[in-house]
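Working notes, structure below.
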Amino acid sequence: MAAYDVREKVRNPPMPLLFQRCVGSEHRAFTPTAIRKLLINALAATGLTNADGEALFFSPHDFRRIFVTDAIMNGLPPHIAQVICGHKNIDTTIGYKAVYPAETIEAHRAFIARRRASRPGKEYRIPTEEEWDAFLSHFEKRKVSIGTCARAFGSPCIHEHACVRCSLLRPDPAQRSRLTDIRDNLIARIAEAEREGWLGEVEGLQVSLTGAQGKLDQLDAEAARRPSTVDLGMPTFADVAIRTTTTSTDQHRP
C-alpha cells in the first residue's frame, strides 16, 4: 500500500502497513491524527487514571518506546533495536529505553550467554600464545600469500591485489617455490596468448612476469647479503678422548 507521508509531503512506495482501513473499496493507511484520536478515545473509555487521579494519556510514539524497552529487557541487543527503529545514533535508542544503561549492559550480556550456550564450546576457547601472537601480528603487518604488504592500513591497492607487480611487497623466502610457479605460469600464459593472437593480454602478462622475476631476484640478493653459516660439526667422545690422551703424554715427556 502506498501511503502519503504528511510530514515529508510525499507518497511512499507500496509497503505492508500494520494500520489499514477500508474506505469504500479502497484500502488506506491510518493517518497519525486518526490513530491519536482512536487512542485517546480508547483510554477515555477505560477510565484509567495515574497516581494523581488524572486521566491517562498516551501518544503513538509512547508505544515505540515501550516496544524498545521490552525488546531489550528480553535480550534483544541494543544495536539490533537501533536498526529496527532506524536510529542513526545508538544513544537515541538507549534514550527510548526506560531503564538505566547498566540494565542494558546486563541484558546484552545475558543474550550473549544464551547464544554461547547454544554454540560449540570450542568456538569460545582461550587462544594459545602462538595464536594470540599471530593475531596481533596482523595489526603490525599485512600478510599476503607470498610475503608481507607494506601498504598503509586503510589505503587502496593501486595494483588491484596483483602483488607481484607491487614495490611494497616484501617477499617471504619460504614462498620462493610459489613465486617460481607464478613466474613459470606467466611464461606459459604469455606463450599461449602470443600463439592465439591475444595481443591485448600479452602486455599485462609481461608486466606481471617482470614483477615476479624481480621478486625472485630480490630474494636472491637478500640471501647473498646474509652471512653464510659453517657447520663445524659436533665432536664425538672418541675425538675428545684422543686429544686429552695426546696432551697428557706430551706434558710428561722429558
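Ordering of the C-alpha cells sets the chain letters (A, B, ...); residue numbers start at 1 within each chain; ligands are numbered from 1 in the order shown.
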Name the residues in contact with A:Thr31 at a cut-off of 10 Å, using only C-alpha atoms, excluding same-chain residues fewer than 5 positions from it; report them as a PyMOL selection string. chain A and resi 3-6+19-20+36
Those residues you just picked out, can you put them in a file as a compact mmCIF listing (two decimals), in the first residue's frame with C-alpha atoms?
```
# COMPACT_ATOMS: atom_id res chain seq x y z
CA ALA A 3 0.76 5.73 1.97
CA TYR A 4 1.10 9.52 1.99
CA ASP A 5 3.69 10.99 4.36
CA VAL A 6 2.11 14.12 5.80
CA PHE A 19 -2.66 0.02 10.43
CA GLN A 20 -5.04 -0.02 7.48
CA ARG A 36 -4.03 9.52 18.02
```
Point-to-point distance from atom CA of A:Ile190 to atom CA of A:Val202, Å rounded to tenths: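 Those two atoms sit 5.7 Å apart.
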For A:Phe57: contacts at 9 Å, only C-alpha atoms, fewer than 3 positions along chain excluded, given as an NGL selection string: :A and (39-40 or 43-44 or 49 or 54)
If you keep all heavy atoms, can you produce a file of those selected residues as a compact mmCIF listing (two decimals), in the first residue's frame?
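Ended up saving to part_29.txt:
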```
# COMPACT_ATOMS: atom_id res chain seq x y z
N LEU A 39 -6.69 6.36 20.00
CA LEU A 39 -6.02 6.04 21.26
C LEU A 39 -6.61 6.86 22.41
O LEU A 39 -6.85 6.33 23.51
CB LEU A 39 -4.52 6.30 21.12
CG LEU A 39 -3.64 5.95 22.32
CD1 LEU A 39 -3.77 4.48 22.68
CD2 LEU A 39 -2.17 6.28 22.01
N ILE A 40 -6.87 8.14 22.17
CA ILE A 40 -7.45 8.98 23.22
C ILE A 40 -8.85 8.48 23.59
O ILE A 40 -9.19 8.40 24.79
CB ILE A 40 -7.51 10.45 22.73
CG1 ILE A 40 -6.09 11.02 22.62
CG2 ILE A 40 -8.34 11.30 23.70
CD1 ILE A 40 -6.04 12.40 22.00
N LEU A 43 -8.56 5.24 25.73
CA LEU A 43 -8.15 5.50 27.11
C LEU A 43 -9.28 6.14 27.90
O LEU A 43 -9.50 5.82 29.08
CB LEU A 43 -6.91 6.41 27.12
CG LEU A 43 -5.58 5.76 26.74
CD1 LEU A 43 -4.49 6.81 26.60
CD2 LEU A 43 -5.18 4.71 27.77
N ALA A 44 -10.03 7.01 27.28
CA ALA A 44 -11.15 7.65 27.98
C ALA A 44 -12.21 6.63 28.34
O ALA A 44 -12.86 6.71 29.41
CB ALA A 44 -11.74 8.75 27.10
N THR A 49 -6.64 6.14 35.41
CA THR A 49 -6.01 7.39 35.83
C THR A 49 -4.61 7.10 36.35
O THR A 49 -4.27 5.96 36.69
CB THR A 49 -6.83 8.08 36.93
OG1 THR A 49 -6.93 7.19 38.07
CG2 THR A 49 -8.22 8.43 36.44
N GLU A 54 -5.38 11.89 37.44
CA GLU A 54 -5.64 12.43 36.12
C GLU A 54 -5.79 11.32 35.11
O GLU A 54 -5.22 10.23 35.26
CB GLU A 54 -4.51 13.38 35.71
CG GLU A 54 -4.31 14.57 36.64
CD GLU A 54 -3.11 15.40 36.25
OE1 GLU A 54 -2.34 14.94 35.36
OE2 GLU A 54 -2.92 16.48 36.82
```
Residues within 12 Å of A:Glu201, please, as an MDAnalysis selection string. Count only C-alpha atoms; anything in the same chain fewer than 6 positions from it doesn't count. chainID A and resid 186 189:195 207:208
With only C-alpha atoms as the counted atoms, please give the residues lying no more than 8 Å from A:His108, apart from itself and same-chain residues fewer than 5 positions off, as a CSV table (one decimal) with N, CA, C and O atoms, in the first residue's frame.
```
chain,number,residue,atom,x,y,z
A,72,ILE,N,14.6,-5.0,24.5
A,72,ILE,CA,16.0,-5.0,25.1
A,72,ILE,C,16.0,-5.8,26.4
A,72,ILE,O,16.9,-6.6,26.7
A,75,GLY,N,16.3,-9.4,26.0
A,75,GLY,CA,17.6,-10.0,25.4
A,75,GLY,C,17.9,-9.5,24.0
A,75,GLY,O,18.9,-9.9,23.5
A,76,LEU,N,17.1,-8.6,23.4
A,76,LEU,CA,17.5,-8.1,22.1
A,76,LEU,C,18.6,-7.1,22.2
A,76,LEU,O,18.6,-6.2,23.0
A,77,PRO,N,19.7,-7.4,21.5
A,77,PRO,CA,20.9,-6.5,21.6
A,77,PRO,C,20.5,-5.0,21.2
A,77,PRO,O,19.7,-4.8,20.3
A,78,PRO,N,21.0,-4.0,21.9
A,78,PRO,CA,20.7,-2.6,21.6
A,78,PRO,C,20.9,-2.2,20.2
A,78,PRO,O,20.2,-1.4,19.6
```
Taking only C-alpha atoms into account, which of A:Arg125, A:His87, A:Lys215, A:Arg65 comes nearest A:Gly147? A:Lys215
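All residues of stretch 13-206 of chain A that DSSP, run on the backbone, classes as strand (DSSP E) are Gln20, Arg21, Cys22, Val23, Glu26, His27, Arg28, Ala29, Arg142, Lys143, Val144, Gly147, Thr148, Cys149, Leu169, Arg170 and Pro171 of chain A.
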Work out how far atom CA of A:Gln206 is from atom CA of A:Asp172, in Å to one decimal.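 Interatomic distance here is 22.5 Å.
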Separation of atom CA of A:Val68 from atom CA of A:Leu18, in Å and rounded to one decimal: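 The value is 17.5 Å.
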